[in-house]
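Novice: Just so it is clear, I am handing over data.txt, which has compact mmCIF, C-alpha atoms.
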# COMPACT_ATOMS: atom_id res chain seq x y z
CA MET M 1 -17.86 15.81 -9.24
CA MET M 2 -18.15 14.03 -5.90
CA GLU M 3 -15.25 15.82 -4.25
CA ASN M 4 -16.10 14.62 -0.75
CA PHE M 5 -15.94 10.92 -1.60
CA LEU M 6 -12.73 9.00 -2.14
CA TRP M 7 -12.51 7.58 -5.64
CA VAL M 8 -10.55 4.58 -4.36
CA GLU M 9 -13.64 3.60 -2.38
CA GLN M 10 -16.30 4.78 -4.82
CA TYR M 11 -14.75 2.81 -7.69
CA ARG M 12 -13.38 -0.17 -5.77
CA PRO M 13 -14.14 -3.32 -7.83
CA LYS M 14 -16.98 -5.44 -6.46
CA ASN M 15 -15.87 -8.66 -8.13
CA ILE M 16 -12.63 -10.35 -9.10
CA ASP M 17 -13.23 -9.99 -12.84
CA ASP M 18 -13.06 -6.18 -12.51
CA CYS M 19 -9.75 -6.22 -10.59
CA VAL M 20 -6.63 -5.23 -12.52
CA LEU M 21 -4.40 -8.25 -11.90
CA PRO M 22 -2.05 -10.63 -13.73
CA ASN M 23 -4.03 -13.53 -15.20
CA ASP M 24 -2.57 -16.17 -12.90
CA LEU M 25 -3.56 -14.23 -9.79
CA LYS M 26 -7.01 -13.44 -11.13
CA SER M 27 -7.55 -17.11 -12.00
CA THR M 28 -6.56 -18.21 -8.49
CA PHE M 29 -9.01 -15.84 -6.81
CA GLN M 30 -11.80 -16.66 -9.22
CA LYS M 31 -11.43 -20.36 -8.40
CA PHE M 32 -11.81 -19.59 -4.68
CA VAL M 33 -15.07 -17.79 -5.47
CA GLU M 34 -16.35 -20.47 -7.85
CA ASN M 35 -15.65 -23.18 -5.27
CA LYS M 36 -17.25 -21.04 -2.56
CA ASN M 37 -14.30 -21.87 -0.36
CA ILE M 38 -11.74 -19.22 0.55
CA PRO M 39 -8.92 -20.61 2.71
CA ASN M 40 -7.01 -18.56 5.25
CA LEU M 41 -4.90 -16.26 3.08
CA LEU M 42 -1.83 -14.09 3.45
CA LEU M 43 -1.79 -11.56 0.61
CA SER M 44 1.63 -9.98 0.26
CA GLY M 45 2.74 -7.13 -1.97
CA SER M 46 3.63 -3.46 -2.19
CA ALA M 47 1.21 -0.69 -1.26
CA GLY M 48 -1.83 -0.03 -3.42
CA VAL M 49 -1.66 -3.13 -5.64
CA GLY M 50 -5.14 -4.34 -4.68
CA LYS M 51 -4.68 -6.79 -1.81
CA THR M 52 -7.58 -5.46 0.27
CA THR M 53 -9.66 -4.86 -2.85
CA VAL M 54 -9.27 -8.52 -3.84
CA ALA M 55 -10.19 -9.73 -0.35
CA LYS M 56 -13.35 -7.60 -0.30
CA ALA M 57 -14.27 -8.49 -3.89
CA MET M 58 -14.15 -12.24 -3.17
CA LEU M 59 -16.24 -11.90 -0.04
CA ASP M 60 -18.71 -9.55 -1.74
CA GLU M 61 -19.20 -12.07 -4.54
CA LEU M 62 -19.87 -14.79 -1.97
CA GLN M 63 -22.11 -12.40 0.00
CA ALA M 64 -20.18 -13.41 3.10
CA ASP M 65 -20.19 -11.55 6.40
CA TYR M 66 -16.83 -9.93 7.14
CA ILE M 67 -15.12 -7.20 9.10
CA VAL M 68 -11.95 -5.26 8.30
CA VAL M 69 -9.44 -4.67 11.08
CA ASN M 70 -6.42 -2.40 10.49
CA GLY M 71 -3.37 -3.95 12.13
CA SER M 72 -1.42 -0.69 12.23
CA LEU M 73 -4.26 1.13 14.05
CA HIS M 74 -5.77 -1.64 16.17
CA GLY M 75 -2.80 -3.87 16.93
CA ASN M 76 -3.42 -4.14 20.65
CA ILE M 77 -3.99 -7.77 21.68
CA ASP M 78 -7.07 -7.03 23.76
CA THR M 79 -8.65 -4.89 21.04
CA LEU M 80 -7.96 -7.57 18.46
CA ARG M 81 -9.32 -10.33 20.68
CA THR M 82 -12.49 -8.39 21.52
CA GLU M 83 -13.26 -7.44 17.90
CA ILE M 84 -12.62 -10.93 16.56
CA MET M 85 -14.45 -12.71 19.38
CA ASN M 86 -17.52 -10.44 19.15
CA PHE M 87 -17.68 -10.94 15.40
CA ALA M 88 -16.96 -14.67 15.34
CA THR M 89 -19.51 -15.55 18.02
CA THR M 90 -22.50 -13.57 16.71
CA VAL M 91 -25.13 -15.03 14.42
CA SER M 92 -24.33 -14.72 10.71
CA PHE M 93 -26.84 -13.19 8.30
CA SER M 94 -25.45 -15.22 5.40
CA GLU M 95 -24.63 -18.83 4.70
CA GLY M 96 -21.10 -20.15 5.06
CA ARG M 97 -18.14 -18.89 7.04
CA LYS M 98 -17.53 -15.40 8.28
CA TYR M 99 -14.23 -13.71 7.54
CA VAL M 100 -11.85 -11.29 9.19
CA ILE M 101 -9.76 -9.15 6.84
CA LEU M 102 -6.71 -8.08 8.83
CA ASP M 103 -5.07 -5.22 6.94
CA GLU M 104 -1.38 -4.36 7.44
CA ALA M 105 -0.80 -7.47 9.54
CA ASP M 106 2.95 -6.90 9.27
CA TYR M 107 2.56 -4.03 11.75
CA LEU M 108 1.35 -6.38 14.50
CA ASN M 109 3.91 -7.10 17.20
CA PRO M 110 5.70 -10.37 16.27
CA GLN M 111 6.45 -11.17 19.93
CA SER M 112 2.95 -10.78 21.31
CA THR M 113 0.07 -9.94 18.96
CA GLN M 114 1.01 -12.21 16.05
CA PRO M 115 1.35 -15.33 18.27
CA ALA M 116 -2.01 -14.45 19.84
CA LEU M 117 -3.57 -14.15 16.38
CA ARG M 118 -2.38 -17.66 15.62
CA ASN M 119 -4.45 -18.89 18.56
CA PHE M 120 -7.50 -16.86 17.44
CA MET M 121 -7.33 -18.50 14.01
CA GLU M 122 -7.38 -21.95 15.58
CA GLU M 123 -10.06 -21.15 18.16
CA TYR M 124 -12.55 -19.75 15.65
CA SER M 125 -11.60 -21.90 12.65
CA LYS M 126 -14.98 -23.68 12.44
CA ASN M 127 -16.98 -20.60 11.50
CA CYS M 128 -14.45 -17.85 10.79
CA GLY M 129 -11.77 -17.50 8.13
CA PHE M 130 -8.92 -14.99 8.03
CA ILE M 131 -7.42 -12.96 5.20
CA LEU M 132 -4.24 -11.12 6.15
CA THR M 133 -2.60 -8.45 4.01
CA CYS M 134 0.94 -7.16 4.35
CA ASN M 135 3.59 -5.16 2.54
CA PHE M 136 6.51 -7.03 4.07
CA LYS M 137 5.99 -10.79 4.29
CA ASN M 138 9.22 -11.32 6.21
CA ARG M 139 7.65 -9.45 9.15
CA ILE M 140 4.94 -12.13 9.52
CA ILE M 141 5.99 -14.95 11.85
CA ASP M 142 6.36 -18.43 10.34
CA PRO M 143 3.54 -20.02 12.41
CA LEU M 144 1.09 -17.51 10.91
CA GLN M 145 2.39 -18.02 7.39
CA SER M 146 2.08 -21.80 7.78
CA ARG M 147 -1.62 -21.41 8.66
CA CYS M 148 -2.32 -19.46 5.47
CA SER M 149 -2.08 -19.89 1.74
CA VAL M 150 0.52 -17.25 0.90
CA ILE M 151 -0.08 -15.34 -2.33
CA ASP M 152 2.42 -12.76 -3.56
CA PHE M 153 1.15 -9.89 -5.69
CA VAL M 154 3.91 -9.87 -8.29
CA PHE M 155 3.69 -7.80 -11.48
CA PRO M 156 6.30 -9.09 -14.00
CA LYS M 157 7.75 -6.44 -16.30
CA LYS M 158 6.61 -8.31 -19.41
CA ILE M 159 2.93 -7.85 -18.50
CA ALA M 160 3.27 -4.36 -17.00
CA PRO M 161 2.25 -2.56 -20.24
CA LYS M 162 -1.00 -4.54 -20.48
CA LEU M 163 -1.90 -3.98 -16.83
CA ALA M 164 -1.07 -0.28 -17.11
CA GLY M 165 -3.22 -0.11 -20.24
CA ASP M 166 -6.13 -1.79 -18.48
CA PHE M 167 -5.91 0.66 -15.62
CA PHE M 168 -5.57 3.56 -18.06
CA GLN M 169 -8.95 2.62 -19.52
CA ARG M 170 -10.40 2.36 -16.01
CA THR M 171 -9.18 5.86 -15.09
CA LYS M 172 -10.60 7.33 -18.31
CA THR M 173 -14.02 5.94 -17.39
CA ILE M 174 -13.75 7.41 -13.90
CA LEU M 175 -12.67 10.84 -15.14
CA ALA M 176 -15.53 10.87 -17.66
CA GLU M 177 -18.03 10.04 -14.90
CA GLN M 178 -16.57 12.80 -12.76
CA ASP M 179 -16.72 15.24 -15.70
CA VAL M 180 -12.99 15.95 -15.50
CA LYS M 181 -11.11 17.12 -18.58
CA TYR M 182 -7.67 15.60 -18.94
CA ASP M 183 -4.57 15.21 -21.06
CA GLU M 184 -4.15 11.50 -21.89
CA LYS M 185 -0.37 11.80 -21.88
CA VAL M 186 -0.47 13.15 -18.33
CA ILE M 187 -2.69 10.29 -17.14
CA ALA M 188 -0.36 7.78 -18.78
CA GLN M 189 2.64 9.41 -17.08
CA VAL M 190 0.98 9.32 -13.65
CA ILE M 191 0.22 5.60 -14.09
CA GLN M 192 3.75 4.88 -15.27
CA THR M 193 5.23 6.82 -12.35
CA HIS M 194 3.27 5.00 -9.65
CA PHE M 195 2.74 1.57 -11.28
CA PRO M 196 1.49 -0.75 -9.84
CA ASP M 197 0.15 1.38 -6.97
CA TRP M 198 -3.39 1.86 -8.27
CA ARG M 199 -4.51 3.55 -5.05
CA ARG M 200 -1.81 6.18 -5.36
CA VAL M 201 -2.78 6.84 -8.98
CA LEU M 202 -6.45 7.44 -8.13
CA ASN M 203 -5.59 9.57 -5.11
CA GLU M 204 -3.26 11.75 -7.18
CA LEU M 205 -5.81 12.16 -9.95
CA GLN M 206 -8.62 13.01 -7.55
CA ARG M 207 -6.48 15.54 -5.73
CA TYR M 208 -5.64 17.41 -8.93
CA SER M 209 -9.13 17.14 -10.44
CA VAL M 210 -10.68 19.67 -8.06
CA ASN M 211 -10.73 22.36 -10.74
CA GLY M 212 -12.16 19.98 -13.30
CA VAL M 213 -8.97 19.78 -15.38
CA ILE M 214 -5.87 17.57 -15.19
CA ASP M 215 -2.95 18.84 -17.24
CA THR M 216 0.86 18.84 -17.11
CA GLY M 217 0.84 20.80 -13.84
CA ILE M 218 0.04 17.63 -11.91
CA LEU M 219 3.44 16.12 -12.66
CA SER M 220 5.53 18.85 -11.05
CA ASN M 221 3.07 19.45 -8.21
CA SER M 222 2.93 15.76 -7.34
CA SER M 223 6.70 15.54 -7.06
CA GLN M 224 6.90 18.66 -4.87
CA ASN M 225 4.17 17.44 -2.51
CA ALA M 226 5.77 14.03 -2.18
CA PHE M 227 9.07 15.62 -1.15
CA LYS M 228 7.32 17.84 1.42
CA GLU M 229 5.75 14.70 2.85
CA LEU M 230 9.19 13.09 3.16
CA LEU M 231 10.59 16.11 5.00
CA ALA M 232 7.74 15.95 7.51
CA LEU M 233 8.40 12.25 8.14
CA LEU M 234 12.13 12.85 8.64
CA LYS M 235 11.50 15.70 11.04
CA ALA M 236 9.00 13.63 13.06
CA LYS M 237 11.32 10.59 12.92
CA GLN M 238 8.52 8.32 11.70
CA PHE M 239 10.52 5.36 10.44
CA SER M 240 7.65 3.06 9.38
CA ASP M 241 5.92 5.79 7.38
CA MET M 242 9.23 6.84 5.83
CA ARG M 243 9.82 3.25 4.73
CA LYS M 244 6.36 3.21 3.15
CA TRP M 245 7.14 6.52 1.42
CA VAL M 246 10.29 5.07 -0.11
CA GLY M 247 8.37 2.04 -1.35
CA GLN M 248 5.87 4.34 -3.06
CA ASN M 249 8.45 6.75 -4.50
CA ILE M 250 11.45 4.58 -5.34
CA ASP M 251 10.60 5.10 -9.02
CA SER M 252 12.30 8.47 -8.59
CA ASP M 253 16.08 8.54 -8.87
CA PRO M 254 17.35 8.01 -5.28
CA THR M 255 20.31 10.31 -5.86
CA SER M 256 17.95 13.10 -6.95
CA ILE M 257 16.12 12.76 -3.63
CA MET M 258 19.45 13.15 -1.86
CA ARG M 259 20.28 16.16 -4.03
CA ASN M 260 16.94 17.76 -3.15
CA LEU M 261 17.81 17.43 0.53
CA TYR M 262 21.14 19.13 -0.18
CA ASP M 263 19.41 21.99 -2.01
CA ILE M 264 16.91 22.73 0.79
CA ALA M 265 19.36 22.22 3.65
CA SER M 266 19.87 25.90 4.42
CA ASP M 267 16.10 26.48 4.74
CA LYS M 268 14.96 23.28 6.45
CA VAL M 269 17.94 21.88 8.40
CA ASP M 270 19.45 23.14 11.65
CA PRO M 271 22.73 24.87 10.69
CA LYS M 272 24.72 22.65 13.06
CA SER M 273 23.44 19.56 11.25
CA ILE M 274 24.15 20.66 7.68
CA PRO M 275 27.79 19.41 7.61
CA GLN M 276 26.67 15.94 8.75
CA LEU M 277 23.89 15.90 6.15
CA VAL M 278 26.38 16.78 3.40
CA LEU M 279 28.69 13.93 4.49
CA LEU M 280 25.81 11.46 4.46
CA ILE M 281 24.67 12.60 1.02
CA GLY M 282 28.17 12.20 -0.37
CA GLU M 283 28.55 8.74 1.17
CA TYR M 284 25.22 7.33 0.01
CA GLN M 285 25.32 8.89 -3.47
CA TYR M 286 28.62 7.05 -3.94
CA LYS M 287 27.10 3.79 -2.62
CA SER M 288 24.13 4.20 -4.95
CA ALA M 289 26.39 3.47 -7.92
CA PHE M 290 27.24 -0.01 -6.61
CA VAL M 291 24.42 -1.34 -4.40
CA ALA M 292 22.20 -4.23 -5.51
CA ASP M 293 19.03 -2.76 -4.00
CA GLN M 294 18.43 0.99 -4.39
CA GLU M 295 15.39 0.92 -2.09
CA VAL M 296 17.35 -0.55 0.82
CA ASN M 297 20.17 1.95 0.25
CA LEU M 298 17.78 4.91 0.25
CA VAL M 299 16.02 3.70 3.42
CA ALA M 300 19.43 3.29 5.09
CA PHE M 301 20.36 6.85 4.09
CA LEU M 302 17.10 8.35 5.35
CA THR M 303 17.31 6.34 8.57
CA GLN M 304 20.73 7.79 9.27
CA VAL M 305 19.44 11.26 8.42
CA MET M 306 16.65 10.76 10.97
CA ALA M 307 19.14 9.71 13.63
CA GLU M 308 21.85 12.31 13.04
CA VAL M 309 20.25 15.39 11.44
CA GLU M 310 18.00 17.93 13.17
CA PHE M 311 15.45 19.88 11.16
CA LYS M 312 14.14 23.38 11.83
As structure tokens, what does this structure read like?

Specialist:
Amino acid sequence: MMENFLWVEQYRPKNIDDCVLPNDLKSTFQKFVENKNIPNLLLSGSAGVGKTTVAKAMLDELQADYIVVNGSLHGNIDTLRTEIMNFATTVSFSEGRKYVILDEADYLNPQSTQPALRNFMEEYSKNCGFILTCNFKNRIIDPLQSRCSVIDFVFPKKIAPKLAGDFFQRTKTILAEQDVKYDEKVIAQVIQTHFPDWRRVLNELQRYSVNGVIDTGILSNSSQNAFKELLALLKAKQFSDMRKWVGQNIDSDPTSIMRNLYDIASDKVDPKSIPQLVLLIGEYQYKSAFVADQEVNLVAFLTQVMAEVEFK
């Protein structure tokens, strides 16, 4: 096994045909490649569905020069300007346009950095294209959206079984290459739990493959580790990361997450804050029975916990 190499990178598809996508999306991206013309794109969808993988796969097929800039890590205007300018103005080693993949563009400041990016796209449009990825499209300003072809990574329920089956076969191939023994029912459960977050699935499987075997223990361990991660985010009051966590774990029953907080309160919460936590749990468990969007309700609950509850 190659324990020191991330499977999500080692087995990242190099062409669109190998990407696990709905047929309409795959067809759209394949046409861009066939026409050798990729427009400015805004790829929107939940975490781990393959937005960055698709961007890289298209550019790899075209053998285009490109750089990847992470908007959540390098969102400073000057940093962005310097990286893009240096890349856009240097000589290309391949024919055609260069491209900038701007990951997590929704974390760029909408008052300063995003408007500046709009100007960069216009200034370097002759020789440089842009592919933006985001989890939350509503956080991208309209002038940027209007300069891109917006493509939503949507996975309709009616095709979910086929996509999950395709990815199941992909994971079996990976596990065989890594010489990992596994229980097929466990792999299927992990995929079902995290669908369509392919990155999360591979990361979970790699983490629990260290001993060369993946069995039913992964299911309980994965849940426990995810909850520990949430507690750390609440304690550190990291709202953006908490919101991401909810998006990745909303498949769990929201009320059970609240109940888990209740159960660990005496060990993890400052005694003075426990009464307030109990009141919040009671309020939001009641709301959970009526709300239209469970994810929004859970984020609202955890946000209030961050603001009003102190952890040990």

Novice: What does the distance between CA of Lys157 (chain M) and CA of Gly45 (chain M) come to in Å, to one decimal place?

Specialist: 15.2 Å

Novice: Between M:Leu41, M:Ile250, M:Ala57, M:Ile214, which residue has the minimum interatomic distance to Ser146 (chain M), considering only C-alpha atoms?

Specialist: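 Nearest candidate to Ser146 (chain M) out of M:Leu41, M:Ile250, M:Ala57, M:Ile214: M:Leu41.
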
Novice: Between M:Pro39, M:Pro115, M:Gly50, M:Gly129, single out the one closest to Cys19 (chain M), counting only C-alpha atoms.

Specialist: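 Checking each candidate against Cys19 (chain M), we get M:Gly50 as the closest.
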
Novice: Considering only C-alpha atoms, can you say which of M:Tyr284, M:Phe290, M:Phe136, M:Tyr124 comes closest to Gly247 (chain M)?

Specialist: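 Going through M:Tyr284, M:Phe290, M:Phe136, M:Tyr124 one by one, the smallest distance to Gly247 (chain M) is for M:Phe136.
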
Novice: Between M:Ser125, M:Asn23, M:Glu310, M:Gln145, single out the one closest to Leu163 (chain M), counting only C-alpha atoms.

Specialist: M:Asn23

Novice: For each of M:Lys235, M:Lys51, M:Arg12, M:Lys172, take the minimum atom-to-atom distance to Phe29 (chain M), counting only C-alpha atoms, then give the residue where this is smallest.

Specialist: M:Lys51

Novice: Please, what distance in Å, to one decimal, runs between CA of Ile67 (chain M) and CA of Leu132 (chain M)?

Specialist: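 CA of Leu132 (chain M) lies 11.9 Å from CA of Ile67 (chain M).
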
Novice: Go through M:Val190, M:Ala88, M:Ala47, M:Val201 one by one, measure the shortest atom-to-atom distance of each to Trp245 (chain M) using only C-alpha atoms, and give the residue with the smallest value.

Specialist: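 Answer, going by the shortest atom-to-atom distance: M:Ala47.
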
Novice: What gap, in Å, lies between CA of Ile191 (chain M) and CA of Tyr107 (chain M)?

Specialist: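 Going from CA of Ile191 (chain M) over to CA of Tyr107 (chain M) covers 27.7 Å.
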
Novice: If we count only C-alpha atoms and set the cut-off at 12 Å, which residues sit around Gln114 (chain M), ignoring sequence neighbours fewer than 2 positions away in its own chain? Please answer as a PyMOL selection string.

Specialist: chain M and resi 71+75-77+80-81+102+104-112+116-121+132+139-145

Novice: Just the residues within 10 Å of Lys181 (chain M), please, counting all atoms listed in the file, with nothing from its chain fewer than 4 positions along; format it as a VMD selection string.

Specialist: chain M and resid 172 175 to 176 209 211 to 215

Novice: Using the selection just defined, write its residues with C-alpha atoms as an mmCIF file, in the frame of the given file.

Specialist:
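Saved to again.cif:
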data_model
loop_
_atom_site.group_PDB
_atom_site.id
_atom_site.type_symbol
_atom_site.label_atom_id
_atom_site.label_comp_id
_atom_site.auth_asym_id
_atom_site.auth_seq_id
_atom_site.Cartn_x
_atom_site.Cartn_y
_atom_site.Cartn_z
ATOM 1 C CA LYS M 172 -10.600 7.330 -18.310
ATOM 2 C CA LEU M 175 -12.670 10.840 -15.140
ATOM 3 C CA ALA M 176 -15.530 10.870 -17.660
ATOM 4 C CA SER M 209 -9.130 17.140 -10.440
ATOM 5 C CA ASN M 211 -10.730 22.360 -10.740
ATOM 6 C CA GLY M 212 -12.160 19.980 -13.300
ATOM 7 C CA VAL M 213 -8.970 19.780 -15.380
ATOM 8 C CA ILE M 214 -5.870 17.570 -15.190
ATOM 9 C CA ASP M 215 -2.950 18.840 -17.240
#

Novice: Using all atoms listed in the file, which protein or nucleic acid residues come within 10 Å of Val305 (chain M)? Drop anything in the same chain fewer than 5 positions from it, and give the result as a list in words.

Specialist: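 These residues fall inside the cut-off: Leu234, Lys235, Lys237, Ser273, Gln276, Leu277, Leu280, Ile281, Val299, Ala300, Glu310 and Phe311 of chain M.
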
Novice: Might you pull out every residue within 6 Å of Asn15 (chain M), with only C-alpha atoms counted and same-chain residues fewer than 2 positions away left off, and present them as a list in words?

Specialist: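 Everything that qualifies: Pro13, Asp17, Asp18, Ala57 and Glu61 of chain M.
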
Novice: For Tyr66 (chain M), find every residue with an atom within 6 Å (counting all atoms listed in the file), except residues of its own chain fewer than 4 positions away, and show them as a PyMOL selection string.

Specialist: chain M and resi 98-100

Novice: Export C-alpha atoms of the chosen residues as a compact mmCIF listing (two decimals), in the frame of the given file?

Specialist:
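What follows is the written file result_32.txt:
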# COMPACT_ATOMS: atom_id res chain seq x y z
CA LYS M 98 -17.53 -15.40 8.28
CA TYR M 99 -14.23 -13.71 7.54
CA VAL M 100 -11.85 -11.29 9.19

Novice: What would region 154-170 of chain M look like with N, CA and C atoms in place, written as a tab-separated table (two decimals), in the coordinates of the input?

Specialist:
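Here's the written file out.tsv:
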chain	number	residue	atom	x	y	z
M	154	VAL	N	2.73	-10.17	-7.49
M	154	VAL	CA	3.91	-9.87	-8.29
M	154	VAL	C	3.45	-9.43	-9.68
M	155	PHE	N	4.06	-8.35	-10.18
M	155	PHE	CA	3.69	-7.80	-11.48
M	155	PHE	C	4.92	-7.84	-12.40
M	156	PRO	N	5.13	-8.95	-13.11
M	156	PRO	CA	6.30	-9.09	-14.00
M	156	PRO	C	6.37	-7.97	-15.03
M	157	LYS	N	7.57	-7.55	-15.35
M	157	LYS	CA	7.75	-6.44	-16.30
M	157	LYS	C	7.12	-6.73	-17.66
M	158	LYS	N	7.12	-8.00	-18.07
M	158	LYS	CA	6.61	-8.31	-19.41
M	158	LYS	C	5.11	-8.07	-19.55
M	159	ILE	N	4.38	-8.10	-18.42
M	159	ILE	CA	2.93	-7.85	-18.50
M	159	ILE	C	2.56	-6.47	-17.99
M	160	ALA	N	3.55	-5.70	-17.54
M	160	ALA	CA	3.27	-4.36	-17.00
M	160	ALA	C	2.55	-3.46	-18.00
M	161	PRO	N	2.95	-3.44	-19.28
M	161	PRO	CA	2.25	-2.56	-20.24
M	161	PRO	C	0.76	-2.88	-20.36
M	162	LYS	N	0.41	-4.17	-20.37
M	162	LYS	CA	-1.00	-4.54	-20.48
M	162	LYS	C	-1.79	-4.11	-19.26
M	163	LEU	N	-1.21	-4.37	-18.07
M	163	LEU	CA	-1.90	-3.98	-16.83
M	163	LEU	C	-2.06	-2.47	-16.76
M	164	ALA	N	-0.99	-1.74	-17.12
M	164	ALA	CA	-1.07	-0.28	-17.11
M	164	ALA	C	-2.12	0.20	-18.11
M	165	GLY	N	-2.22	-0.47	-19.24
M	165	GLY	CA	-3.22	-0.11	-20.24
M	165	GLY	C	-4.63	-0.35	-19.74
M	166	ASP	N	-4.81	-1.49	-19.05
M	166	ASP	CA	-6.13	-1.79	-18.48
M	166	ASP	C	-6.54	-0.73	-17.46
M	167	PHE	N	-5.59	-0.33	-16.64
M	167	PHE	CA	-5.91	0.66	-15.62
M	167	PHE	C	-6.11	2.04	-16.24
M	168	PHE	N	-5.39	2.29	-17.33
M	168	PHE	CA	-5.57	3.56	-18.06
M	168	PHE	C	-7.02	3.69	-18.53
M	169	GLN	N	-7.56	2.61	-19.08
M	169	GLN	CA	-8.95	2.62	-19.52
M	169	GLN	C	-9.90	2.83	-18.35
M	170	ARG	N	-9.57	2.20	-17.21
M	170	ARG	CA	-10.40	2.36	-16.01
M	170	ARG	C	-10.41	3.83	-15.55
